[in-house]
$ cat run.cif   # mmCIF, C-alpha atoms (C1' of nucleotides)
data_upload
loop_
_atom_site.label_atom_id
_atom_site.label_comp_id
_atom_site.auth_asym_id
_atom_site.auth_seq_id
_atom_site.Cartn_x
_atom_site.Cartn_y
_atom_site.Cartn_z
CA MET A 212 4.20 -2.76 -21.57
CA ILE A 213 3.47 -5.61 -19.17
CA ILE A 214 0.99 -4.84 -16.44
CA GLU A 215 3.61 -4.77 -13.66
CA GLU A 216 5.42 -1.91 -15.41
CA ALA A 217 2.27 -0.12 -16.45
CA ILE A 218 1.12 0.42 -12.89
CA GLN A 219 4.56 0.04 -11.28
CA GLN A 220 3.53 -2.78 -9.02
CA LYS A 221 6.31 -5.29 -8.53
CA LYS A 222 4.34 -8.41 -7.85
CA PHE A 223 0.85 -9.67 -7.27
CA LYS A 224 -0.32 -12.18 -4.69
CA SER A 225 -1.60 -14.52 -7.38
CA GLU A 226 -2.11 -14.84 -11.09
CA PHE A 227 -5.80 -14.15 -10.41
CA GLU A 228 -5.26 -10.92 -8.54
CA LYS A 229 -3.06 -9.81 -11.42
CA LEU A 230 -5.72 -10.87 -13.91
CA VAL A 231 -8.38 -8.64 -12.35
CA VAL A 232 -6.07 -5.64 -12.45
CA ASN A 233 -4.94 -6.50 -15.98
CA ILE A 234 -8.47 -6.75 -17.38
CA ILE A 235 -9.58 -3.49 -15.79
CA TYR A 236 -6.39 -1.73 -16.87
CA THR A 237 -6.66 -3.04 -20.45
CA SER A 238 -10.30 -2.01 -20.58
CA ARG A 239 -9.36 1.51 -19.51
CA TRP A 240 -6.65 1.57 -22.13
CA LEU A 241 -9.07 0.48 -24.87
CA GLU A 242 -11.68 2.97 -23.72
CA TYR A 243 -9.10 5.73 -23.82
CA GLU A 244 -8.02 4.73 -27.35
CA GLU A 245 -11.64 4.65 -28.49
CA GLY A 246 -12.42 7.79 -26.56
CA LYS A 247 -9.87 9.79 -28.52
CA LEU A 248 -11.68 8.66 -31.65
CA PHE A 249 -15.15 9.53 -30.39
CA ARG A 250 -14.19 12.99 -29.27
CA LYS A 251 -13.64 13.84 -32.93
CA TYR A 252 -17.37 13.34 -33.40
CA ASP A 253 -18.37 14.87 -30.07
CA LEU A 254 -19.50 11.45 -28.85
CA THR A 255 -18.72 9.42 -25.75
CA LEU A 256 -18.40 5.62 -25.64
CA PRO A 257 -21.87 5.08 -24.12
CA GLN A 258 -23.36 7.44 -26.70
CA TYR A 259 -21.65 5.59 -29.54
CA ASN A 260 -22.79 2.23 -28.20
CA LEU A 261 -26.36 3.46 -27.88
CA LEU A 262 -26.32 4.71 -31.46
CA ARG A 263 -25.07 1.29 -32.58
CA ILE A 264 -27.91 -0.47 -30.78
CA LEU A 265 -30.39 1.95 -32.31
CA ARG A 266 -28.99 1.35 -35.78
CA GLY A 267 -29.41 -2.38 -35.16
CA GLN A 268 -33.12 -1.75 -34.63
CA TYR A 269 -33.52 0.82 -37.39
CA PRO A 270 -36.04 1.63 -38.77
CA LYS A 271 -37.87 0.13 -35.80
CA ALA A 272 -37.94 2.05 -32.53
CA ALA A 273 -36.22 0.85 -29.37
CA SER A 274 -37.63 1.22 -25.87
CA VAL A 275 -35.38 2.48 -23.09
CA ASN A 276 -35.61 -0.98 -21.56
CA LEU A 277 -34.27 -2.63 -24.70
CA LEU A 278 -31.38 -0.19 -24.70
CA ILE A 279 -30.50 -0.99 -21.10
CA GLU A 280 -30.52 -4.74 -21.79
CA ARG A 281 -28.03 -4.39 -24.60
CA MET A 282 -25.71 -1.80 -23.10
CA LEU A 283 -22.35 -2.73 -21.69
CA ASP A 284 -23.21 -0.95 -18.47
CA LYS A 285 -26.57 -2.35 -17.49
CA SER A 286 -27.26 0.21 -14.86
CA SER A 287 -26.17 3.24 -16.77
CA ASN A 288 -29.08 5.57 -17.04
CA ALA A 289 -30.15 5.09 -20.60
CA SER A 290 -32.84 7.78 -20.25
CA ARG A 291 -30.23 10.45 -19.68
CA ILE A 292 -27.97 9.28 -22.48
CA VAL A 293 -30.92 9.27 -24.86
CA GLU A 294 -31.69 12.81 -23.74
CA THR A 295 -28.10 13.87 -24.45
CA LEU A 296 -28.27 12.33 -27.92
CA ARG A 297 -31.61 14.01 -28.55
CA LYS A 298 -30.17 17.40 -27.61
CA LYS A 299 -27.38 16.74 -30.10
CA GLY A 300 -30.00 16.01 -32.74
CA LEU A 301 -28.93 12.41 -33.37
CA VAL A 302 -32.04 10.55 -32.20
CA ASP A 303 -35.79 11.15 -32.05
CA ARG A 304 -37.92 10.24 -29.08
CA LYS A 305 -41.67 10.02 -28.76
CA ALA A 306 -44.22 8.34 -26.53
CA CYS A 307 -45.08 4.77 -27.52
CA LYS A 308 -48.72 4.50 -28.62
CA ALA A 309 -49.19 0.83 -27.75
CA ASP A 310 -47.89 1.18 -24.19
CA ARG A 311 -47.86 4.66 -22.85
CA ARG A 312 -45.30 3.84 -20.17
CA LYS A 313 -42.79 3.24 -22.94
CA VAL A 314 -40.81 5.60 -25.10
CA ASP A 315 -39.92 5.02 -28.74
CA VAL A 316 -36.33 5.96 -29.50
CA ILE A 317 -35.16 6.01 -33.12
CA ILE A 318 -31.83 7.00 -34.61
CA ASN A 319 -32.33 9.69 -37.24
CA LYS A 320 -30.54 10.59 -40.46
CA LYS A 321 -27.92 12.75 -38.80
CA GLY A 322 -27.31 10.03 -36.22
CA LEU A 323 -26.79 7.41 -38.91
CA GLU A 324 -24.34 9.68 -40.72
CA VAL A 325 -22.25 10.40 -37.63
CA LEU A 326 -22.22 6.71 -36.73
CA GLU A 327 -21.10 5.76 -40.23
CA GLU A 328 -18.16 8.16 -40.04
CA ALA A 329 -17.12 7.03 -36.56
CA ASN A 330 -17.31 3.41 -37.66
CA HIS A 331 -14.71 4.06 -40.35
CA ASP A 332 -12.22 5.28 -37.78
CA MET A 333 -13.12 2.40 -35.49
CA ALA A 334 -12.28 -0.11 -38.22
CA GLU A 335 -8.83 1.49 -38.44
CA LEU A 336 -8.37 1.02 -34.72
CA HIS A 337 -9.23 -2.67 -35.04
CA LYS A 338 -6.61 -2.97 -37.77
CA ASP A 339 -4.06 -1.78 -35.22
CA HIS A 340 -5.17 -4.51 -32.86
CA GLN A 341 -4.58 -7.04 -35.61
CA LYS A 342 -0.96 -6.00 -35.65
CA ALA A 343 -0.64 -7.03 -32.00
CA LEU A 344 -2.57 -10.31 -32.03
CA THR A 345 -3.39 -13.00 -34.54
CA THR A 346 -7.04 -13.90 -35.10
CA LYS A 347 -6.41 -17.17 -33.30
CA GLU A 348 -5.06 -15.30 -30.26
CA ALA A 349 -8.02 -12.93 -30.28
CA GLU A 350 -10.31 -15.97 -30.35
CA GLN A 351 -8.42 -17.53 -27.47
CA LEU A 352 -8.75 -14.30 -25.47
CA ASN A 353 -12.47 -14.13 -26.17
CA ASN A 354 -12.95 -17.70 -25.02
CA LEU A 355 -10.95 -17.23 -21.83
CA LEU A 356 -12.85 -14.05 -20.93
CA ASP A 357 -16.17 -15.83 -21.49
CA LYS A 358 -14.94 -18.69 -19.35
CA LEU A 359 -13.91 -16.37 -16.52
CA ARG A 360 -17.44 -15.00 -16.39
CA THR A 361 -19.03 -18.44 -16.06
CA ILE A 362 -19.06 -18.04 -12.26
CA GLU A 363 -21.74 -15.39 -12.47
CA MET B 192 -22.62 -16.47 -20.54
CA ILE B 193 -20.80 -15.83 -23.81
CA ILE B 194 -20.48 -12.22 -24.84
CA GLU B 195 -23.00 -12.49 -27.70
CA GLU B 196 -25.72 -13.52 -25.24
CA ALA B 197 -24.63 -11.09 -22.55
CA ILE B 198 -25.29 -8.06 -24.72
CA GLN B 199 -27.66 -9.81 -27.14
CA GLN B 200 -25.64 -9.02 -30.21
CA LYS B 201 -25.80 -11.77 -32.76
CA LYS B 202 -22.50 -11.34 -34.47
CA PHE B 203 -19.50 -9.07 -34.66
CA LYS B 204 -17.69 -7.89 -37.77
CA SER B 205 -14.46 -9.51 -36.62
CA GLU B 206 -12.86 -11.36 -33.75
CA PHE B 207 -11.14 -8.07 -32.87
CA GLU B 208 -14.30 -6.01 -32.69
CA LYS B 209 -15.72 -8.70 -30.42
CA LEU B 210 -12.55 -8.64 -28.32
CA VAL B 211 -12.84 -4.92 -27.57
CA VAL B 212 -16.44 -5.33 -26.44
CA ASN B 213 -15.59 -8.47 -24.49
CA ILE B 214 -12.74 -6.85 -22.55
CA ILE B 215 -14.77 -3.77 -21.67
CA TYR B 216 -17.79 -5.89 -20.72
CA THR B 217 -15.69 -8.24 -18.58
CA SER B 218 -14.04 -5.28 -16.89
CA ARG B 219 -17.45 -3.83 -16.02
CA TRP B 220 -18.51 -7.20 -14.70
CA LEU B 221 -15.43 -7.48 -12.49
CA GLU B 222 -15.82 -3.91 -11.28
CA TYR B 223 -19.42 -4.62 -10.40
CA GLU B 224 -18.43 -7.77 -8.48
CA GLU B 225 -15.73 -5.87 -6.63
CA GLY B 226 -17.98 -2.89 -6.19
CA LYS B 227 -20.53 -4.93 -4.24
CA LEU B 228 -17.70 -5.87 -1.91
CA PHE B 229 -16.42 -2.31 -1.46
CA ARG B 230 -19.81 -0.90 -0.71
CA LYS B 231 -19.79 -2.96 2.47
CA TYR B 232 -16.90 -0.79 3.62
CA ASP B 233 -18.25 2.44 2.14
CA LEU B 234 -15.40 2.45 -0.39
CA THR B 235 -15.30 2.74 -4.17
CA LEU B 236 -12.83 0.94 -6.43
CA PRO B 237 -10.62 4.02 -6.96
CA GLN B 238 -10.62 4.66 -3.22
CA TYR B 239 -9.64 1.07 -2.49
CA ASN B 240 -6.87 1.16 -5.07
CA LEU B 241 -5.55 4.42 -3.66
CA LEU B 242 -5.48 2.94 -0.17
CA ARG B 243 -3.55 -0.05 -1.51
CA ILE B 244 -0.95 2.20 -3.11
CA LEU B 245 -0.66 4.17 0.13
CA ARG B 246 -0.18 0.98 2.13
CA GLY B 247 2.57 0.02 -0.31
CA GLN B 248 4.38 3.22 0.68
CA TYR B 249 3.55 3.08 4.38
CA PRO B 250 4.98 4.46 6.61
CA LYS B 251 6.43 6.75 3.97
CA ALA B 252 4.22 9.46 2.50
CA ALA B 253 3.12 9.46 -1.14
CA SER B 254 2.81 12.57 -3.30
CA VAL B 255 -0.29 13.05 -5.42
CA ASN B 256 1.91 12.54 -8.46
CA LEU B 257 3.07 9.15 -7.27
CA LEU B 258 -0.56 8.16 -6.75
CA ILE B 259 -1.51 9.21 -10.28
CA GLU B 260 1.36 7.23 -11.78
CA ARG B 261 0.25 4.04 -10.10
CA MET B 262 -3.48 4.34 -10.49
CA LEU B 263 -5.39 2.33 -13.07
CA ASP B 264 -6.98 5.50 -14.37
CA LYS B 265 -4.08 7.84 -14.98
CA SER B 266 -6.19 10.89 -15.46
CA SER B 267 -8.52 10.36 -12.57
CA ASN B 268 -8.23 13.29 -10.24
CA ALA B 269 -6.22 11.86 -7.42
CA SER B 270 -6.51 15.13 -5.46
CA ARG B 271 -10.23 14.75 -5.15
CA ILE B 272 -10.12 11.07 -4.24
CA VAL B 273 -7.55 11.84 -1.54
CA GLU B 274 -9.88 14.55 -0.25
CA THR B 275 -12.78 12.07 -0.11
CA LEU B 276 -10.62 9.58 1.81
CA ARG B 277 -9.48 12.33 4.16
CA LYS B 278 -13.09 13.29 4.89
CA LYS B 279 -13.76 9.64 5.71
CA GLY B 280 -10.81 9.72 8.12
CA LEU B 281 -8.78 7.06 6.33
CA VAL B 282 -5.76 9.12 5.26
CA ASP B 283 -3.80 12.11 6.50
CA ARG B 284 -2.59 14.89 4.27
CA LYS B 285 -0.10 17.64 4.93
CA ALA B 286 2.11 19.98 2.97
CA CYS B 287 5.49 18.53 2.05
CA LYS B 288 8.30 20.39 3.78
CA ALA B 289 11.02 19.64 1.21
CA ASP B 290 8.93 20.84 -1.75
CA ARG B 291 6.04 23.07 -0.90
CA ARG B 292 4.27 22.35 -4.18
CA LYS B 293 3.87 18.77 -3.05
CA VAL B 294 1.51 17.16 -0.62
CA ASP B 295 2.33 14.24 1.68
CA VAL B 296 -0.44 11.69 1.80
CA ILE B 297 -0.26 8.85 4.35
CA ILE B 298 -2.71 6.08 5.12
CA ASN B 299 -3.59 6.14 8.83
CA LYS B 300 -4.50 3.46 11.37
CA LYS B 301 -8.19 3.44 10.51
CA GLY B 302 -7.34 3.28 6.80
CA LEU B 303 -5.07 0.29 7.33
CA GLU B 304 -7.79 -1.48 9.30
CA VAL B 305 -10.49 -0.94 6.69
CA LEU B 306 -8.12 -2.06 3.93
CA GLU B 307 -7.23 -5.20 5.86
CA GLU B 308 -10.88 -6.17 6.19
CA ALA B 309 -11.68 -5.45 2.55
CA ASN B 310 -8.69 -7.50 1.47
CA HIS B 311 -10.09 -10.55 3.21
CA ASP B 312 -13.27 -10.38 1.16
CA MET B 313 -11.24 -9.71 -1.97
CA ALA B 314 -9.27 -12.89 -1.43
CA GLU B 315 -12.58 -14.79 -1.36
CA LEU B 316 -13.55 -13.24 -4.67
CA HIS B 317 -10.29 -14.39 -6.21
CA LYS B 318 -11.01 -17.89 -4.97
CA ASP B 319 -14.22 -17.78 -7.02
CA HIS B 320 -12.20 -16.84 -10.08
CA GLN B 321 -10.03 -19.88 -9.50
CA LYS B 322 -13.10 -22.03 -9.91
CA ALA B 323 -13.59 -20.66 -13.41
CA LEU B 324 -10.01 -20.72 -14.69
CA THR B 325 -6.86 -22.70 -14.00
CA THR B 326 -3.71 -20.81 -13.04
CA LYS B 327 -2.31 -21.68 -16.45
CA GLU B 328 -5.33 -20.14 -18.17
CA ALA B 329 -5.08 -17.02 -16.01
CA GLU B 330 -1.43 -16.75 -17.02
CA GLN B 331 -2.33 -17.16 -20.65
CA LEU B 332 -4.95 -14.42 -20.33
CA ASN B 333 -2.48 -12.09 -18.66
CA ASN B 334 0.04 -12.66 -21.43
CA LEU B 335 -2.47 -12.09 -24.21
CA LEU B 336 -3.73 -8.88 -22.62
CA ASP B 337 -0.16 -7.61 -22.25
CA LYS B 338 0.47 -8.52 -25.88
CA LEU B 339 -2.62 -6.67 -27.08
CA ARG B 340 -1.35 -3.50 -25.45
CA THR B 341 2.04 -3.67 -27.19
CA ILE B 342 0.71 -1.36 -29.93
CA GLU B 343 0.65 1.57 -27.55
"C1'" DT C 47 -64.67 -4.09 -11.55
"C1'" DG C 48 -61.47 -2.33 -8.22
"C1'" DT C 49 -57.20 -2.61 -6.20
"C1'" DA C 50 -52.64 -4.38 -5.43
"C1'" DA C 51 -48.62 -5.79 -7.81
"C1'" DT C 52 -45.69 -5.05 -11.53
"C1'" DA C 53 -43.42 -2.63 -15.33
"C1'" DT C 54 -41.40 1.46 -17.49
"C1'" DA C 55 -39.13 5.58 -17.40
"C1'" DA C 56 -37.44 9.76 -15.15
"C1'" DT C 57 -34.97 12.09 -11.52
"C1'" DG C 58 -32.02 13.22 -7.32
"C1'" DT C 59 -27.51 12.42 -5.13
"C1'" DA C 60 -22.60 11.07 -4.45
"C1'" DG C 61 -18.65 10.05 -6.57
"C1'" DC C 62 -16.26 9.16 -10.81
"C1'" DT C 63 -13.42 10.33 -15.49
"C1'" DA C 64 -11.81 13.49 -19.08
"C1'" DC C 65 -10.44 17.70 -20.13
"C1'" DA C 66 -9.20 22.60 -19.64
"C1'" DT C 67 -7.57 25.94 -16.80
"C1'" DA C 68 -5.67 28.23 -12.63
"C1'" DT C 69 -2.31 28.86 -8.89
"C1'" DA C 70 1.78 28.29 -6.47
"C1'" DT C 71 6.44 26.72 -6.26
"C1'" DT C 72 10.76 25.24 -8.04
"C1'" DT C 73 14.18 24.86 -11.63
"C1'" DG C 74 16.99 26.17 -15.53
"C1'" DC C 75 19.68 29.26 -17.71
"C1'" DA C 76 20.82 33.88 -20.18
"C1'" DT D 8 20.29 37.43 -10.16
"C1'" DG D 9 15.98 37.61 -12.67
"C1'" DC D 10 12.65 35.68 -15.37
"C1'" DA D 11 10.75 32.08 -18.30
"C1'" DA D 12 9.75 27.26 -18.29
"C1'" DA D 13 8.60 23.31 -15.90
"C1'" DT D 14 6.40 20.95 -12.09
"C1'" DA D 15 2.78 19.85 -8.57
"C1'" DT D 16 -1.62 20.31 -7.20
"C1'" DA D 17 -6.33 22.11 -7.23
"C1'" DT D 18 -10.64 23.36 -9.39
"C1'" DG D 19 -14.49 24.10 -12.84
"C1'" DT D 20 -17.47 21.74 -16.23
"C1'" DA D 21 -19.85 18.03 -18.88
"C1'" DG D 22 -21.07 13.60 -18.85
"C1'" DC D 23 -20.81 9.17 -16.68
"C1'" DT D 24 -22.19 5.05 -13.15
"C1'" DA D 25 -24.52 3.25 -9.04
"C1'" DC D 26 -28.13 3.48 -6.28
"C1'" DA D 27 -32.58 5.02 -4.31
"C1'" DT D 28 -36.80 7.04 -5.09
"C1'" DT D 29 -40.72 8.75 -7.65
"C1'" DA D 30 -44.40 9.03 -11.14
"C1'" DT D 31 -47.22 6.90 -14.24
"C1'" DA D 32 -49.29 3.13 -16.83
"C1'" DT D 33 -50.45 -1.66 -17.26
"C1'" DT D 34 -51.53 -6.25 -15.61
"C1'" DA D 35 -53.26 -9.75 -12.56
"C1'" DC D 36 -56.63 -11.45 -9.95
"C1'" DA D 37 -59.83 -11.54 -5.71
#
$ encode --input "run.cif" --output "structure tokens"
Amino acid sequence: MIIEEAIQQKKFKSEFEKLVVNIIYTSRWLEYEEGKLFRKYDLTLPQYNLLRILRGQYPKAASVNLLIERMLDKSSNASRIVETLRKKGLVDRKACKADRRKVDVIINKKGLEVLEEANHDMAELHKDHQKALTTKEAEQLNNLLDKLRTIE
Amino acid sequence: MIIEEAIQQKKFKSEFEKLVVNIIYTSRWLEYEEGKLFRKYDLTLPQYNLLRILRGQYPKAASVNLLIERMLDKSSNASRIVETLRKKGLVDRKACKADRRKVDVIINKKGLEVLEEANHDMAELHKDHQKALTTKEAEQLNNLLDKLRTIE
DNA sequence: TGTAATATAATGTAGCTACATATATTTGCA
DNA sequence: TGCAAATATATGTAGCTACATTATATTACA
């Protein structure tokens, strides 16, 4: 469905106004698609992303600061998401000995298992995307999105 | 900044995995840029979008259902956002006479004024985007995003 | 060395989404 | 007509972002 139909807006002032709406709308659509998948594992998107970052560090610990730097939402409150994951028994958290301001967060065995399972389903989702776009088109999209953000 | 640097992830499994992250990240970036703008007017993105839909209907009333259909987040709770806007004195709400289940929501004078001002700043933001991409590239991006969503 | 500046993490608040559920009204049809 | 199904909206809950503030630990340097 083209964006005009999707949100029932007949026309946009410019191709750029339309682009902003289109990117946000497509992001929401992707997040919803992924969200359906995560709910199976009682995870949210930010929780899944945090687990992925932690697995990237495994078996080293990550500080909350490191997590924030690598998250998609920089100002999301990593502390609270870590706490949620800890309550679910997917990560361990303890004070950092070298710098007592810091906290060492490590994904544990259960966390790695859940992540592994979710990743399988995620790979399936990406296969669906491959039906819609060729690799070349996906590349082109990636490059254009990167280019848009050069004004930052 | 390319997406790999932005979230400090060295490589992705595929161009498609990268694309999902890139779209969500770019959306967050746009929302943040727009958000800075809205905060000047004590508005949030959903509130701004709702006001725009209401102006599209003006001087006719919109039902909550119509608002939901046209919002970027279909399952956002339009009722509550309308209530927030009403508290801020930007919209009026009254029971619909023809169908008493429905509610008539109309943007008022103050709402139209605030929207007008915010739109000015928004136009400036779009000018910045034009520095990053040509109209042709924006078009290309729009088409690729629409194509990605054809699997829905 | 002592103190101010900085860094790290946690927490409080408003508003948001996603989902489930509740309530009231209208419609469909046996 | 009467009642079940459908429709429209509101509300409760968990978890989220954005922002401001706080608490604590470390660093810089006069």
$ atom_distance --input "run.cif" --atom1 "atom CA of Ala329 of chain A" --atom2 "atom CA of Lys347 of chain A"
26.7 Å
$ resolve_selection --input "run.cif" --expression "the PyMOL selection byres ((chain A) within 9 of (chain B))" --output "VMD selection string"
chain A and resid 212 to 214 217 to 220 225 to 242 264 280 to 284 333 to 334 337 to 344 346 to 363
$ write_last_selection --input "run.cif" --atoms "C-alpha atoms" --output "tab-separated table (two decimals), in the frame of the given file"
chain	number	residue	atom	x	y	z
A	212	MET	CA	4.20	-2.76	-21.57
A	213	ILE	CA	3.47	-5.61	-19.17
A	214	ILE	CA	0.99	-4.84	-16.44
A	217	ALA	CA	2.27	-0.12	-16.45
A	218	ILE	CA	1.12	0.42	-12.89
A	219	GLN	CA	4.56	0.04	-11.28
A	220	GLN	CA	3.53	-2.78	-9.02
A	225	SER	CA	-1.60	-14.52	-7.38
A	226	GLU	CA	-2.11	-14.84	-11.09
A	227	PHE	CA	-5.80	-14.15	-10.41
A	228	GLU	CA	-5.26	-10.92	-8.54
A	229	LYS	CA	-3.06	-9.81	-11.42
A	230	LEU	CA	-5.72	-10.87	-13.91
A	231	VAL	CA	-8.38	-8.64	-12.35
A	232	VAL	CA	-6.07	-5.64	-12.45
A	233	ASN	CA	-4.94	-6.50	-15.98
A	234	ILE	CA	-8.47	-6.75	-17.38
A	235	ILE	CA	-9.58	-3.49	-15.79
A	236	TYR	CA	-6.39	-1.73	-16.87
A	237	THR	CA	-6.66	-3.04	-20.45
A	238	SER	CA	-10.30	-2.01	-20.58
A	239	ARG	CA	-9.36	1.51	-19.51
A	240	TRP	CA	-6.65	1.57	-22.13
A	241	LEU	CA	-9.07	0.48	-24.87
A	242	GLU	CA	-11.68	2.97	-23.72
A	264	ILE	CA	-27.91	-0.47	-30.78
A	280	GLU	CA	-30.52	-4.74	-21.79
A	281	ARG	CA	-28.03	-4.39	-24.60
A	282	MET	CA	-25.71	-1.80	-23.10
A	283	LEU	CA	-22.35	-2.73	-21.69
A	284	ASP	CA	-23.21	-0.95	-18.47
A	333	MET	CA	-13.12	2.40	-35.49
A	334	ALA	CA	-12.28	-0.11	-38.22
A	337	HIS	CA	-9.23	-2.67	-35.04
A	338	LYS	CA	-6.61	-2.97	-37.77
A	339	ASP	CA	-4.06	-1.78	-35.22
A	340	HIS	CA	-5.17	-4.51	-32.86
A	341	GLN	CA	-4.58	-7.04	-35.61
A	342	LYS	CA	-0.96	-6.00	-35.65
A	343	ALA	CA	-0.64	-7.03	-32.00
A	344	LEU	CA	-2.57	-10.31	-32.03
A	346	THR	CA	-7.04	-13.90	-35.10
A	347	LYS	CA	-6.41	-17.17	-33.30
A	348	GLU	CA	-5.06	-15.30	-30.26
A	349	ALA	CA	-8.02	-12.93	-30.28
A	350	GLU	CA	-10.31	-15.97	-30.35
A	351	GLN	CA	-8.42	-17.53	-27.47
A	352	LEU	CA	-8.75	-14.30	-25.47
A	353	ASN	CA	-12.47	-14.13	-26.17
A	354	ASN	CA	-12.95	-17.70	-25.02
A	355	LEU	CA	-10.95	-17.23	-21.83
A	356	LEU	CA	-12.85	-14.05	-20.93
A	357	ASP	CA	-16.17	-15.83	-21.49
A	358	LYS	CA	-14.94	-18.69	-19.35
A	359	LEU	CA	-13.91	-16.37	-16.52
A	360	ARG	CA	-17.44	-15.00	-16.39
A	361	THR	CA	-19.03	-18.44	-16.06
A	362	ILE	CA	-19.06	-18.04	-12.26
A	363	GLU	CA	-21.74	-15.39	-12.47
$ resolve_selection --input "run.cif" --expression "the PyMOL selection byres ((chain D) within 10 of (chain B))" --output "number ranges by chain"
D: 14-18, 25
$ interface_residues --input "run.cif" --of "chain C" --to "chain A" --cutoff "9 Å" --atoms "all atoms listed in the file" --output "list in words"
DA53, DT54, DA55 and DA56 of chain C
$ resolve_selection --input "run.cif" --expression "the PyMOL selection byres ((chain C and resi 65-69) around 10)" --output "list in words"
Ser266 of chain B; DT63, DA64, DA70 and DT71 of chain C; DT16, DA17, DT18, DG19, DT20 and DA21 of chain D
$ residues_around --input "run.cif" --residues "DT49 of chain C" --least-positions-apart "4" --cutoff "12 Å" --atoms "all atoms listed in the file" --output "list in words"
DT34, DA35, DC36 and DA37 of chain D
$ atom_distance --input "run.cif" --atom1 "atom CA of Tyr249 of chain B" --atom2 "atom CA of Asp283 of chain B"
11.8 Å
$ residues_around --input "run.cif" --residues "DA76 of chain C" --least-positions-apart "2" --cutoff "10 Å" --atoms "only C-alpha atoms (C1' of nucleotides)" --output "PDB file with C-alpha atoms (C1' of nucleotides), keeping the file's coordinate frame"
ATOM      1  C1'  DG C  74      16.990  26.170 -15.530  1.00  0.00           C
TER       2       DG C  74
ATOM      3  C1'  DG D   9      15.980  37.610 -12.670  1.00  0.00           C
ATOM      4  C1'  DC D  10      12.650  35.680 -15.370  1.00  0.00           C
TER       5       DC D  10
END
$ atom_distance --input "run.cif" --atom1 "atom C1' of DG22 of chain D" --atom2 "atom CA of Asn240 of chain B"
23.4 Å
$ closest_residue --input "run.cif" --among "B:Lys227, B:Glu315, B:Ala252, B:Ile298" --to "Ala286 of chain B" --atoms "all atoms listed in the file"
B:Ala252
$ residues_around --input "run.cif" --residues "DG58 of chain C" --least-positions-apart "2" --cutoff "12 Å" --atoms "all atoms listed in the file" --output "JSON, numbers by chain"
{"C": [56, 60], "D": [26, 27, 28, 29]}
